[in-house]
Every structure is written in C-alpha cells, then in structure tokens.
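Q: Contents are TSV, C-alpha atoms and all ligand atoms; file name upload02.tsv:
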chain	number	residue	atom	x	y	z
A	1	MET	CA	85.64	87.01	2.64
A	2	ASN	CA	86.42	90.60	1.70
A	3	VAL	CA	84.69	93.70	3.05
A	4	ARG	CA	82.24	93.85	0.14
A	5	ASP	CA	81.26	90.21	0.64
A	6	LEU	CA	80.74	90.82	4.35
A	7	ALA	CA	78.57	93.86	3.66
A	8	ASP	CA	76.55	91.94	1.07
A	9	ALA	CA	76.03	89.06	3.51
A	10	ALA	CA	74.79	91.50	6.15
A	11	ILE	CA	72.19	92.78	3.68
A	12	GLU	CA	71.30	89.26	2.50
A	13	ILE	CA	70.46	87.69	5.84
A	14	PRO	CA	67.36	89.75	6.71
A	15	ILE	CA	65.08	89.16	3.72
A	16	VAL	CA	63.46	92.56	4.11
A	17	THR	CA	66.69	94.39	3.39
A	18	SER	CA	67.79	91.97	0.69
A	19	PHE	CA	64.59	91.75	-1.35
A	20	THR	CA	63.46	95.38	-1.15
A	21	LYS	CA	64.91	98.46	-2.77
A	22	ILE	CA	67.25	98.76	0.23
A	23	GLY	CA	69.18	95.75	-1.06
A	24	TYR	CA	69.17	97.05	-4.62
A	25	HIS	CA	70.55	100.49	-3.71
A	26	ALA	CA	73.11	99.18	-1.23
A	27	ARG	CA	74.55	96.58	-3.64
A	28	ARG	CA	74.57	98.95	-6.58
A	29	ARG	CA	76.88	101.22	-4.62
A	30	LEU	CA	78.82	98.43	-2.93
A	31	ASP	CA	79.75	96.68	-6.18
A	32	ASP	CA	79.95	99.80	-8.34
A	33	TRP	CA	77.60	98.38	-10.95
A	34	THR	CA	78.20	98.97	-14.65
A	35	PRO	CA	75.22	100.96	-15.97
A	36	LEU	CA	72.92	98.86	-18.17
A	37	THR	CA	73.31	101.47	-20.88
A	38	ASP	CA	76.93	100.30	-21.30
A	39	TYR	CA	75.79	96.93	-22.71
A	40	ASP	CA	75.52	96.80	-26.47
A	41	PHE	CA	72.88	94.38	-27.76
A	42	GLY	CA	73.28	95.47	-31.39
A	43	GLY	CA	72.85	92.47	-33.72
A	44	ARG	CA	71.79	90.19	-30.88
A	45	VAL	CA	68.44	88.40	-30.92
A	46	VAL	CA	66.52	88.27	-27.65
A	47	VAL	CA	63.32	86.25	-27.16
A	48	LEU	CA	61.53	87.46	-24.03
A	49	THR	CA	58.40	85.84	-22.61
A	50	GLY	CA	56.21	87.98	-20.40
A	51	ALA	CA	57.38	91.14	-22.17
A	52	THR	CA	54.01	92.93	-21.97
A	53	SER	CA	53.98	93.87	-18.29
A	54	GLY	CA	56.05	94.49	-15.18
A	55	LEU	CA	59.65	93.28	-15.17
A	56	GLY	CA	59.51	91.96	-18.72
A	57	ARG	CA	58.13	95.22	-20.08
A	58	CYS	CA	61.00	97.16	-18.47
A	59	ALA	CA	63.59	94.69	-19.75
A	60	ALA	CA	62.06	94.88	-23.25
A	61	GLN	CA	62.56	98.64	-23.23
A	62	LEU	CA	66.17	98.37	-22.06
A	63	PHE	CA	67.07	95.68	-24.60
A	64	THR	CA	65.66	97.62	-27.52
A	65	GLU	CA	67.20	100.92	-26.43
A	66	GLN	CA	70.55	99.10	-26.45
A	67	GLY	CA	69.99	97.84	-29.99
A	68	ALA	CA	68.62	94.31	-29.54
A	69	THR	CA	66.46	92.52	-32.06
A	70	LEU	CA	63.58	91.64	-29.75
A	71	VAL	CA	60.78	89.10	-29.94
A	72	VAL	CA	57.97	90.05	-27.57
A	73	VAL	CA	56.04	87.02	-26.28
A	74	GLY	CA	52.76	87.19	-24.39
A	75	ARG	CA	49.37	85.51	-24.61
A	76	SER	CA	47.51	88.14	-26.61
A	77	ALA	CA	48.60	89.23	-30.09
A	78	ASP	CA	46.83	92.59	-29.59
A	79	ARG	CA	48.55	93.28	-26.27
A	80	ASN	CA	51.89	92.20	-27.71
A	81	GLN	CA	51.44	94.45	-30.74
A	82	GLY	CA	50.58	97.39	-28.48
A	83	VAL	CA	53.91	96.88	-26.70
A	84	VAL	CA	55.79	96.55	-29.98
A	85	ASP	CA	54.28	99.83	-31.21
A	86	GLU	CA	55.17	101.62	-27.97
A	87	ILE	CA	58.74	100.34	-28.05
A	88	VAL	CA	59.32	101.21	-31.69
A	89	ALA	CA	57.95	104.71	-31.08
A	90	SER	CA	60.00	105.34	-27.94
A	91	SER	CA	63.30	103.63	-28.85
A	92	GLY	CA	63.41	104.17	-32.60
A	93	ASN	CA	64.47	100.51	-32.88
A	94	THR	CA	62.29	98.81	-35.49
A	95	ALA	CA	63.74	95.32	-35.01
A	96	VAL	CA	60.92	94.38	-32.67
A	97	SER	CA	58.34	91.71	-33.42
A	98	GLN	CA	55.83	89.71	-31.46
A	99	ILE	CA	54.52	86.18	-31.26
A	100	ALA	CA	51.43	85.24	-29.28
A	101	CYS	CA	51.94	82.22	-27.07
A	102	ASP	CA	50.55	80.89	-23.82
A	103	THR	CA	53.60	79.14	-22.43
A	104	GLY	CA	51.37	76.56	-20.75
A	105	GLU	CA	49.91	75.41	-24.09
A	106	TYR	CA	52.48	73.17	-25.70
A	107	ASP	CA	51.18	73.41	-29.27
A	108	GLN	CA	51.53	77.19	-28.97
A	109	VAL	CA	55.06	76.76	-27.61
A	110	ARG	CA	55.91	74.60	-30.62
A	111	HIS	CA	54.50	77.26	-32.93
A	112	LEU	CA	56.55	79.93	-31.12
A	113	ALA	CA	59.74	77.90	-31.56
A	114	ASP	CA	59.03	77.27	-35.26
A	115	GLN	CA	58.42	80.96	-35.83
A	116	VAL	CA	61.63	82.00	-34.04
A	117	LEU	CA	63.64	79.46	-36.04
A	118	THR	CA	62.09	80.69	-39.29
A	119	ASP	CA	62.58	84.38	-38.56
A	120	HIS	CA	66.03	84.37	-36.95
A	121	ASP	CA	69.21	82.61	-37.94
A	122	ARG	CA	70.75	83.26	-34.54
A	123	LEU	CA	69.43	83.29	-30.98
A	124	ASP	CA	71.55	85.06	-28.38
A	125	VAL	CA	69.24	85.23	-25.39
A	126	LEU	CA	66.13	83.23	-24.51
A	127	ILE	CA	64.38	84.55	-21.41
A	128	HIS	CA	61.73	82.62	-19.53
A	129	ASN	CA	60.15	85.47	-17.61
A	130	ALA	CA	56.39	84.86	-18.09
A	131	GLY	CA	54.73	83.99	-14.83
A	132	ALA	CA	51.78	84.49	-12.56
A	133	LEU	CA	50.52	83.45	-9.14
A	134	THR	CA	46.86	82.48	-9.07
A	135	ALA	CA	44.54	81.83	-6.13
A	136	GLU	CA	42.74	78.84	-7.64
A	137	ARG	CA	43.82	75.85	-9.64
A	138	HIS	CA	43.38	76.10	-13.39
A	139	ASP	CA	44.63	73.50	-15.80
A	140	SER	CA	46.22	73.85	-19.20
A	141	SER	CA	44.50	71.95	-22.00
A	142	ASP	CA	46.61	68.83	-21.36
A	143	GLY	CA	45.42	68.75	-17.74
A	144	THR	CA	48.63	70.05	-16.15
A	145	GLU	CA	48.20	72.60	-13.37
A	146	GLN	CA	48.77	75.90	-15.18
A	147	THR	CA	51.57	77.34	-12.99
A	148	ILE	CA	53.58	74.20	-13.67
A	149	ALA	CA	52.52	74.04	-17.31
A	150	SER	CA	53.39	77.67	-18.08
A	151	GLN	CA	56.48	78.16	-15.89
A	152	VAL	CA	58.08	74.71	-15.85
A	153	VAL	CA	56.96	72.41	-18.69
A	154	GLY	CA	56.39	75.03	-21.42
A	155	PRO	CA	59.76	76.76	-20.85
A	156	PHE	CA	61.50	73.36	-20.77
A	157	LEU	CA	59.92	72.51	-24.12
A	158	LEU	CA	60.87	75.89	-25.59
A	159	THR	CA	64.49	75.57	-24.48
A	160	THR	CA	64.64	72.08	-25.98
A	161	LEU	CA	63.22	73.21	-29.31
A	162	LEU	CA	65.56	76.20	-29.55
A	163	LEU	CA	68.67	74.53	-28.14
A	164	ASP	CA	70.39	73.85	-31.47
A	165	ARG	CA	69.98	77.46	-32.59
A	166	LEU	CA	71.27	78.66	-29.21
A	167	ALA	CA	74.26	76.32	-29.49
A	168	GLU	CA	75.08	77.70	-32.95
A	169	THR	CA	75.17	81.25	-31.54
A	170	GLU	CA	78.35	82.16	-29.71
A	171	GLY	CA	77.87	83.37	-26.13
A	172	SER	CA	74.17	82.43	-26.02
A	173	ARG	CA	72.22	82.39	-22.78
A	174	VAL	CA	68.99	81.01	-21.38
A	175	ILE	CA	67.73	83.00	-18.40
A	176	THR	CA	64.93	81.97	-16.07
A	177	MET	CA	63.09	84.41	-13.82
A	178	SER	CA	62.41	82.52	-10.62
A	179	SER	CA	61.35	83.95	-7.28
A	180	GLY	CA	62.68	84.25	-3.75
A	181	GLY	CA	59.42	82.49	-2.85
A	182	MET	CA	61.06	79.24	-3.92
A	183	TYR	CA	63.23	79.33	-0.78
A	184	THR	CA	60.18	78.10	1.15
A	185	ALA	CA	59.61	75.04	-1.05
A	186	GLY	CA	61.39	71.73	-1.20
A	187	LEU	CA	61.95	69.84	-4.42
A	188	THR	CA	58.99	67.61	-5.14
A	189	VAL	CA	57.87	65.63	-8.14
A	190	ASP	CA	54.99	63.68	-6.62
A	191	GLN	CA	53.46	66.85	-5.14
A	192	LEU	CA	54.51	69.24	-7.87
A	193	GLN	CA	50.88	69.93	-8.75
A	194	MET	CA	48.54	70.81	-5.89
A	195	PRO	CA	45.02	69.36	-6.05
A	196	ALA	CA	42.12	71.81	-6.58
A	197	ASP	CA	40.53	71.08	-3.19
A	198	ASP	CA	43.72	71.88	-1.27
A	199	TYR	CA	45.18	74.50	-3.57
A	200	LYS	CA	47.31	77.30	-2.18
A	201	GLY	CA	48.51	79.65	-4.89
A	202	THR	CA	51.63	80.86	-3.08
A	203	GLU	CA	52.71	77.31	-2.31
A	204	GLN	CA	52.03	76.10	-5.84
A	205	TYR	CA	54.02	79.04	-7.17
A	206	ALA	CA	56.95	78.29	-4.81
A	207	ARG	CA	57.05	74.65	-5.95
A	208	ALA	CA	57.11	75.74	-9.59
A	209	LYS	CA	59.88	78.26	-8.93
A	210	ARG	CA	61.90	75.60	-7.05
A	211	ALA	CA	61.55	73.31	-10.06
A	212	GLN	CA	62.75	76.14	-12.32
A	213	VAL	CA	66.01	76.71	-10.44
A	214	THR	CA	66.65	72.99	-10.22
A	215	LEU	CA	66.16	72.52	-13.95
A	216	ASN	CA	68.38	75.53	-14.62
A	217	GLU	CA	71.26	73.75	-12.88
A	218	MET	CA	70.48	70.52	-14.71
A	219	TRP	CA	70.42	72.25	-18.10
A	220	ALA	CA	73.86	73.70	-17.36
A	221	GLU	CA	75.19	70.25	-16.42
A	222	ARG	CA	73.67	68.54	-19.45
A	223	SER	CA	74.04	71.17	-22.18
A	224	GLY	CA	76.59	73.65	-20.90
A	225	HIS	CA	79.27	71.88	-22.95
A	226	ARG	CA	77.42	73.03	-26.08
A	227	GLY	CA	78.39	76.63	-25.33
A	228	VAL	CA	75.02	77.70	-23.95
A	229	SER	CA	74.94	79.45	-20.59
A	230	PHE	CA	71.97	78.76	-18.30
A	231	GLN	CA	71.22	81.27	-15.56
A	232	ALA	CA	68.35	81.75	-13.11
A	233	MET	CA	67.64	84.69	-10.87
A	234	HIS	CA	65.12	86.26	-8.58
A	235	PRO	CA	64.24	89.93	-8.71
A	236	GLY	CA	63.60	90.61	-5.03
A	237	TRP	CA	60.17	92.19	-4.49
A	238	ALA	CA	59.14	94.63	-7.19
A	239	ASP	CA	55.95	96.62	-7.60
A	240	THR	CA	54.40	95.26	-10.80
A	241	PRO	CA	50.86	94.65	-12.08
A	242	GLY	CA	51.44	90.98	-11.28
A	243	VAL	CA	52.14	91.70	-7.60
A	244	GLU	CA	49.23	94.15	-7.44
A	245	ALA	CA	46.85	91.47	-8.79
A	246	ALA	CA	48.14	88.47	-6.82
A	247	LEU	CA	49.33	89.96	-3.52
A	248	PRO	CA	47.46	93.24	-2.87
A	249	GLY	CA	47.82	92.96	0.93
A	250	PHE	CA	51.56	92.34	0.71
A	251	ARG	CA	51.92	95.25	-1.70
A	252	LYS	CA	50.07	97.56	0.68
A	253	VAL	CA	52.19	96.57	3.68
A	254	MET	CA	55.51	96.79	1.82
A	255	GLY	CA	54.49	100.03	0.08
A	256	PRO	CA	57.46	102.25	-0.71
A	257	LEU	CA	59.98	99.54	0.21
A	258	LEU	CA	59.16	97.56	-2.93
A	259	ARG	CA	61.59	97.90	-5.80
A	260	ASP	CA	60.28	99.51	-8.93
A	261	ALA	CA	60.05	97.27	-11.97
A	262	ASP	CA	63.25	98.63	-13.51
A	263	GLN	CA	65.15	97.74	-10.35
A	264	GLY	CA	63.62	94.25	-10.37
A	265	ALA	CA	64.65	93.81	-14.02
A	266	ASP	CA	68.24	95.00	-13.55
A	267	THR	CA	69.87	91.62	-12.97
A	268	LEU	CA	67.92	90.13	-15.89
A	269	VAL	CA	69.40	92.58	-18.37
A	270	TRP	CA	72.82	92.29	-16.72
A	271	LEU	CA	72.73	88.48	-17.05
A	272	ALA	CA	71.97	88.90	-20.74
A	273	GLY	CA	74.71	91.45	-21.36
A	274	ASP	CA	77.65	90.97	-19.04
A	275	ALA	CA	80.47	88.45	-19.49
A	276	ALA	CA	80.78	87.59	-15.77
A	277	PRO	CA	77.84	85.13	-15.59
A	278	LEU	CA	79.40	83.02	-18.35
A	279	ASP	CA	81.95	81.76	-15.80
A	280	HIS	CA	79.15	80.36	-13.63
A	281	ASN	CA	76.97	78.14	-15.77
A	282	GLY	CA	73.86	77.10	-13.83
A	283	GLY	CA	74.09	80.11	-11.53
A	284	PHE	CA	71.32	81.61	-9.44
A	285	TRP	CA	71.48	85.38	-8.95
A	286	LEU	CA	70.08	88.34	-7.09
A	287	ASP	CA	71.45	91.84	-7.59
A	288	ARG	CA	74.27	90.66	-9.86
A	289	ARG	CA	75.68	88.24	-7.26
A	290	LEU	CA	75.53	84.47	-7.10
A	291	ARG	CA	73.17	83.15	-4.44
A	292	SER	CA	72.57	79.77	-2.91
A	293	ILE	CA	69.41	78.01	-4.10
A	294	HIS	CA	68.69	76.90	-0.53
A	295	LYS	CA	68.39	78.93	2.65
A	296	LEU	CA	66.76	76.20	4.76
A	297	PRO	CA	68.12	72.75	5.69
A	298	THR	CA	64.60	71.37	5.25
A	299	THR	CA	64.48	72.25	1.55
A	300	LYS	CA	68.11	71.23	0.98
A	301	LYS	CA	67.29	67.76	2.30
A	302	THR	CA	64.66	67.29	-0.41
A	303	ASP	CA	67.08	68.16	-3.21
A	304	THR	CA	68.47	64.71	-3.98
A	305	PRO	CA	70.01	63.45	-7.23
A	306	GLU	CA	67.23	60.88	-7.45
A	307	ARG	CA	64.49	63.55	-7.26
A	308	ARG	CA	66.32	65.67	-9.80
A	309	GLU	CA	66.40	62.76	-12.23
A	310	ARG	CA	62.72	62.12	-11.68
A	311	LEU	CA	61.88	65.80	-12.20
A	312	TRP	CA	63.76	65.85	-15.51
A	313	SER	CA	62.00	62.65	-16.67
A	314	TRP	CA	58.58	63.90	-15.60
A	315	VAL	CA	58.94	67.25	-17.36
A	316	THR	CA	60.35	65.59	-20.48
A	317	GLU	CA	57.38	63.27	-20.64
A	318	ARG	CA	54.82	66.03	-19.92
A	319	ALA	CA	56.35	68.18	-22.65
A	320	GLY	CA	55.79	65.34	-25.10
A	321	LEU	CA	59.49	65.01	-25.83
B	401	LIG	N1	57.36	91.34	-9.21
B	401	LIG	C1	57.98	90.63	-8.29
B	401	LIG	O1	58.24	91.08	-7.18
B	401	LIG	C2	58.42	89.24	-8.61
B	401	LIG	C3	59.06	88.53	-7.58
B	401	LIG	C4	59.51	87.25	-7.84
B	401	LIG	C5	59.37	86.72	-9.10
B	401	LIG	N2	58.73	87.43	-10.08
B	401	LIG	C6	58.61	86.78	-11.39
B	401	LIG	O2	58.90	87.71	-12.41
B	401	LIG	C7	58.17	87.38	-13.59
B	401	LIG	C8	57.45	88.61	-14.09
B	401	LIG	O3	56.50	88.98	-13.10
B	401	LIG	P1	55.88	90.45	-12.97
B	401	LIG	O4	55.85	90.76	-11.54
B	401	LIG	O5	56.53	91.34	-13.93
B	401	LIG	O6	54.37	90.10	-13.41
B	401	LIG	P2	53.35	90.79	-14.42
B	401	LIG	O7	53.40	92.26	-14.36
B	401	LIG	O8	52.02	90.15	-14.14
B	401	LIG	O9	53.86	90.29	-15.84
B	401	LIG	C9	53.72	88.94	-16.17
B	401	LIG	C10	54.02	88.74	-17.63
B	401	LIG	O10	53.93	87.35	-17.91
B	401	LIG	C11	53.06	87.13	-19.01
B	401	LIG	N3	52.39	85.85	-18.80
B	401	LIG	C12	51.76	85.41	-17.69
B	401	LIG	N4	51.29	84.16	-17.89
B	401	LIG	C13	51.66	83.81	-19.15
B	401	LIG	C14	51.50	82.63	-19.94
B	401	LIG	N5	50.84	81.55	-19.48
B	401	LIG	N6	52.00	82.62	-21.18
B	401	LIG	C15	52.67	83.68	-21.68
B	401	LIG	N7	52.85	84.82	-20.99
B	401	LIG	C16	52.35	84.88	-19.74
B	401	LIG	C17	52.13	88.32	-19.02
B	401	LIG	O11	51.74	88.57	-20.35
B	401	LIG	P3	50.23	88.56	-20.91
B	401	LIG	O12	49.31	88.80	-19.76
B	401	LIG	O13	50.24	89.66	-21.92
B	401	LIG	O14	50.08	87.20	-21.50
B	401	LIG	C18	53.05	89.43	-18.54
B	401	LIG	O15	53.76	89.97	-19.63
B	401	LIG	C19	57.28	86.21	-13.23
B	401	LIG	O16	57.87	84.99	-13.61
B	401	LIG	C20	57.20	86.30	-11.72
B	401	LIG	O17	56.94	85.04	-11.14
B	401	LIG	C21	58.26	88.66	-9.86
So that I can check it, write out the structure of this file as structure tokens.
A:
Amino acid sequence: MNVRDLADAAIEIPIVTSFTKIGYHARRRLDDWTPLTDYDFGGRVVVLTGATSGLGRCAAQLFTEQGATLVVVGRSADRNQGVVDEIVASSGNTAVSQIACDTGEYDQVRHLADQVLTDHDRLDVLIHNAGALTAERHDSSDGTEQTIASQVVGPFLLTTLLLDRLAETEGSRVITMSSGGMYTAGLTVDQLQMPADDYKGTEQYARAKRAQVTLNEMWAERSGHRGVSFQAMHPGWADTPGVEAALPGFRKVMGPLLRDADQGADTLVWLAGDAAPLDHNGGFWLDRRLRSIHKLPTTKKTDTPERRERLWSWVTERAGL
C-alpha cells in the first residue's frame, strides 16, 4: 500500500469523513484529479435517467458543456423539456433531447428504448441515475414495489433492450448510481420487496441499492466480453432535492458537511469519460477509486452465488424478458 492508498483508507474508514465533502476535497487533492472539463464528449451519445434534478441535473450540464449528445429522461415531459431548454440556453449545445419515462413502468421503458434506438445509431453511455426513497410502499402498475421496479427491474430491462447498440459502440459504458446506504443491506431475493404493513423506506431503498451493485457485477461477468463496461458508484452524501424531501432531519444535522450536487456527480461524469474504469469491469466506485461492495461480514455472508443466480432470474422474469 502506498502513501496515497493509506491516506485514502484513513478517510474511508469513518463514514462521516468519507461520504461528506471532507472526503471529496481530500481525495481530489490526494489523487490530483483530472478536471472534468478535460473530458471531451463530442460525438458521444449519453442517455441519463433522473436528469431533471440533483446529481443528474448537474451531470447533464457537465456532459452537454463538454459536447455530448444528451437524452434527458425523467417522468414528466414538461419538466424534461424545461431542463432541455435551460441546458441549450446555458451550454449552447443543441444536441439535447428528452424522453418521458417512469423507469418503474416497463411499457414506458420499452418505449424509451425504442425511441433511443430510432434516434441514435450509437450509444456511448447509459446512466441509471433515477431514484428516490419513499416513506410508504407504492406499487408500479405490475404490482412490483416501486423502488425495486424503478431502480432494479426497469434499469435491467433498459440495459437489456439497449445492449446490442451499446455493444456496437466502441468504449461504451453502463453506469449505475447506487448508494452507500446499500452497505447496511444483505442480498435478498425473497425479501427484496417489503410488505406495506412493515415498510421502512430506508431499508427498502438499501435492499434495492444492494441489488443494483450485485447486478452491475453480474452484467460485467455476463456481457463484459461484448465490449461494454459496467460500473456502479455511490456519490457520498450530497445536498439535493431528493435528500431534502426524503431525509430532512439528516440534511439538517449534516448541514454544511454535505457535498454539493456537483461534488456528488463528479465520479459519475468521470466514469463516463475516463479510460481508467475500463480496466475494472463491474467496478464499484466512490471519489474515483474502486471500493468494496461490502463493509460488514453480515452482508457479505448473504452474497452467495446461489442468491445471485436467483436475483438475476427473478429480475429477468419480472421485466418480462
Ligand atoms: N443525494 C445523495 O446524497 C445520494 C446518495 C446516495 C445515492 N443517491 C442516488 O443518486 C440518484 C439521484 O438522486 P438525487 O439525490 O439527485 O435525487 P433527486 O434530486 O430527487 O433527483 C432524482 C431524479 O430521479 C428522477 N426519478 C425519480 N424517480 C423516477 C422514476 N420512477 N422514473 C424516472 N425518473 C425518476 C427524478 O426525475 P422526475 O422527478 O423529473 O421524474 C429526478 O430527476 C438516486 O438514484 C439516488 O438514490 C443520492
């Protein structure tokens, strides 16, 4: 372990330094980060879910300022269009379009995929960033708990439908925005969806985010040979409208220690633009460094090959594939 690795490990162990802006600033200096403005996305097509708010909105701005052809995805066509108009006005990049899609509604996901395939003959970066933490159970129209539907099954379906186009595009990447919250959850298939009468939003969210990072590794194992790079990450704790809505008490306590949304989105844009992640298919990242997907022996114990297989089968079936 070199001095930089030792320093990074010292920041990583206490979550409060790692996940807050302390970790961001320390690692930026420690590893002498390339500025995001050095990455050229000219001619590259980026499909970004959850581009209307928070981390996704910041990433959308950075991608377009660096020349990307961007597809903004969110649930409301009006909200999406408002973001497109803002971006075009501020970046001068007119290669920005939008498609309305609730990622937990599989017919809408199929429509999104069809539209992307019609409009773009290449796909460089597909980003599954859309997400929310809700206090009560809601179901998507097929009866799947909506955190799982929108952050696990819908993204799985979208990746599947766009995989051939990704494979045709050299250097393509699929990036999933998970959460450090998943460190608290084991891998479960039988209890993936919490029942309404015993629903805990933070726990449901953690289970979904655990499933995301597991599937990211499985995608890399199963489809990495096709030239597509699969990466997952967590952004630390960033002050976004999503955090304000879901965790107001946490936001108040953490106050100025929270990252701003640009800082939370940094690794996302880096994963899309830098060559280094391509050597680590299936990687999980925070602040431009690979991280373990387990911090606790109790969650590691749950992560068995048999459960992974069952997760893949369950999601495949739920997605109607
Ligand atoms: N902020 C943090 O500290 C933090 C920490 C860990 C992980 N994350 C993850 O980072 C991602 C972005 O979060 P954020 O903090 O930026 O939240 P945010 O400000 O609430 O933004 C969430 C975005 O997701 C979209 N979205 C939500 N549900 C959707 C659905 N069913 N279908 C399509 N789009 C949907 C929203 O778009 P519309 O409302 O326009 O549909 C919005 O653009 C999420 O996956 C979140 O879990 C954030």
Q: Measure the distance from atom CA of Val116 of chain A to atom CA of Leu157 of chain A in Å and round it to one decimal.
A: 13.8 Å
Q: For segment 221-232 of chain A, please output as a PyMOL selection string all residues within 7 Å (counting all atoms listed in the file; exclusion window: fewer than 2 positions along the same chain).
A: chain A and resi 166-167+171-178+213+216-219+278+281-285
Q: Could you turn the residues from that selection into a file that holds C-alpha atoms, as a PDB file, in the frame of the given file?
A:
ATOM      1  CA  LEU A 166      71.270  78.660 -29.210  1.00  0.00           C
ATOM      2  CA  ALA A 167      74.260  76.320 -29.490  1.00  0.00           C
ATOM      3  CA  GLY A 171      77.870  83.370 -26.130  1.00  0.00           C
ATOM      4  CA  SER A 172      74.170  82.430 -26.020  1.00  0.00           C
ATOM      5  CA  ARG A 173      72.220  82.390 -22.780  1.00  0.00           C
ATOM      6  CA  VAL A 174      68.990  81.010 -21.380  1.00  0.00           C
ATOM      7  CA  ILE A 175      67.730  83.000 -18.400  1.00  0.00           C
ATOM      8  CA  THR A 176      64.930  81.970 -16.070  1.00  0.00           C
ATOM      9  CA  MET A 177      63.090  84.410 -13.820  1.00  0.00           C
ATOM     10  CA  SER A 178      62.410  82.520 -10.620  1.00  0.00           C
ATOM     11  CA  VAL A 213      66.010  76.710 -10.440  1.00  0.00           C
ATOM     12  CA  ASN A 216      68.380  75.530 -14.620  1.00  0.00           C
ATOM     13  CA  GLU A 217      71.260  73.750 -12.880  1.00  0.00           C
ATOM     14  CA  MET A 218      70.480  70.520 -14.710  1.00  0.00           C
ATOM     15  CA  TRP A 219      70.420  72.250 -18.100  1.00  0.00           C
ATOM     16  CA  LEU A 278      79.400  83.020 -18.350  1.00  0.00           C
ATOM     17  CA  ASN A 281      76.970  78.140 -15.770  1.00  0.00           C
ATOM     18  CA  GLY A 282      73.860  77.100 -13.830  1.00  0.00           C
ATOM     19  CA  GLY A 283      74.090  80.110 -11.530  1.00  0.00           C
ATOM     20  CA  PHE A 284      71.320  81.610  -9.440  1.00  0.00           C
ATOM     21  CA  TRP A 285      71.480  85.380  -8.950  1.00  0.00           C
TER      22      TRP A 285
END
Q: Please identify every residue of segment 79-162 of chain A that has at least one atom no farther than 7 Å from an atom of segment 235-258 of chain A, counting only C-alpha atoms, and for each give the shortest atom pair and the distance in Å to one decimal, arranged by chain then increasing number, as JSON lines.
A:
{"residue": "A:Ala132", "atom": "CA", "partner": "A:Gly242", "partner_atom": "CA", "distance": 6.6}
{"residue": "A:Leu133", "atom": "CA", "partner": "A:Ala246", "partner_atom": "CA", "distance": 6.0}
{"residue": "A:Thr134", "atom": "CA", "partner": "A:Ala246", "partner_atom": "CA", "distance": 6.5}
Q: Which residue is closest to Gln98 of chain A? Choose from A:Leu290, A:Leu62, A:Ala135, A:Leu48 and count only C-alpha atoms.
A: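 Distance minimum relative to Gln98 of chain A lands on A:Leu48.
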Q: Residues near segment 5-21 of chain A, anyone? I mean within 12 Å using all atoms listed in the file, not counting same-chain ones fewer than 2 positions away, as a VMD selection string.
A: chain A and resid 1 to 3 23 to 31 179 to 181 183 234 to 239 251 253 to 264 266 286 to 292 295
Q: Rounded to one decimal, what separation in Å do you get between atom CA of Thr34 of chain A and atom O16 of ligand LIG 401 (chain B)?
A: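 Atom O16 of ligand LIG 401 (chain B) lies at a distance of 24.7 Å from atom CA of Thr34 of chain A.
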Q: Grab the atom CA of Phe41 of chain A to atom CA of Ser90 of chain A distance for me, in Å with one decimal place.
A: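 Rounded to one decimal, the two atoms are 16.9 Å apart.
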Q: Quick one: segment 283-294 of chain A with N, CA and C atoms, as a compact mmCIF listing (two decimals), in the coordinates of the input?
A:
# COMPACT_ATOMS: atom_id res chain seq x y z
N GLY A 283 74.14 79.22 -12.69
CA GLY A 283 74.09 80.11 -11.53
C GLY A 283 72.69 80.60 -11.18
N PHE A 284 72.57 81.00 -9.93
CA PHE A 284 71.32 81.61 -9.44
C PHE A 284 71.69 82.96 -8.82
N TRP A 285 71.01 84.03 -9.22
CA TRP A 285 71.48 85.38 -8.95
C TRP A 285 70.42 86.27 -8.32
N LEU A 286 70.88 87.18 -7.51
CA LEU A 286 70.08 88.34 -7.09
C LEU A 286 71.04 89.52 -7.05
N ASP A 287 70.62 90.64 -7.61
CA ASP A 287 71.45 91.84 -7.59
C ASP A 287 72.89 91.57 -8.03
N ARG A 288 73.00 90.88 -9.17
CA ARG A 288 74.27 90.66 -9.86
C ARG A 288 75.27 89.82 -9.06
N ARG A 289 74.80 89.14 -8.02
CA ARG A 289 75.68 88.24 -7.26
C ARG A 289 75.08 86.86 -7.22
N LEU A 290 75.98 85.85 -7.23
CA LEU A 290 75.53 84.47 -7.10
C LEU A 290 74.93 84.25 -5.73
N ARG A 291 73.84 83.48 -5.72
CA ARG A 291 73.17 83.15 -4.44
C ARG A 291 73.00 81.65 -4.35
N SER A 292 72.87 81.18 -3.12
CA SER A 292 72.57 79.77 -2.91
C SER A 292 71.12 79.51 -3.32
N ILE A 293 70.82 78.30 -3.79
CA ILE A 293 69.41 78.01 -4.10
C ILE A 293 68.66 77.47 -2.88
N HIS A 294 69.38 77.30 -1.77
CA HIS A 294 68.69 76.90 -0.53
C HIS A 294 69.08 77.84 0.60
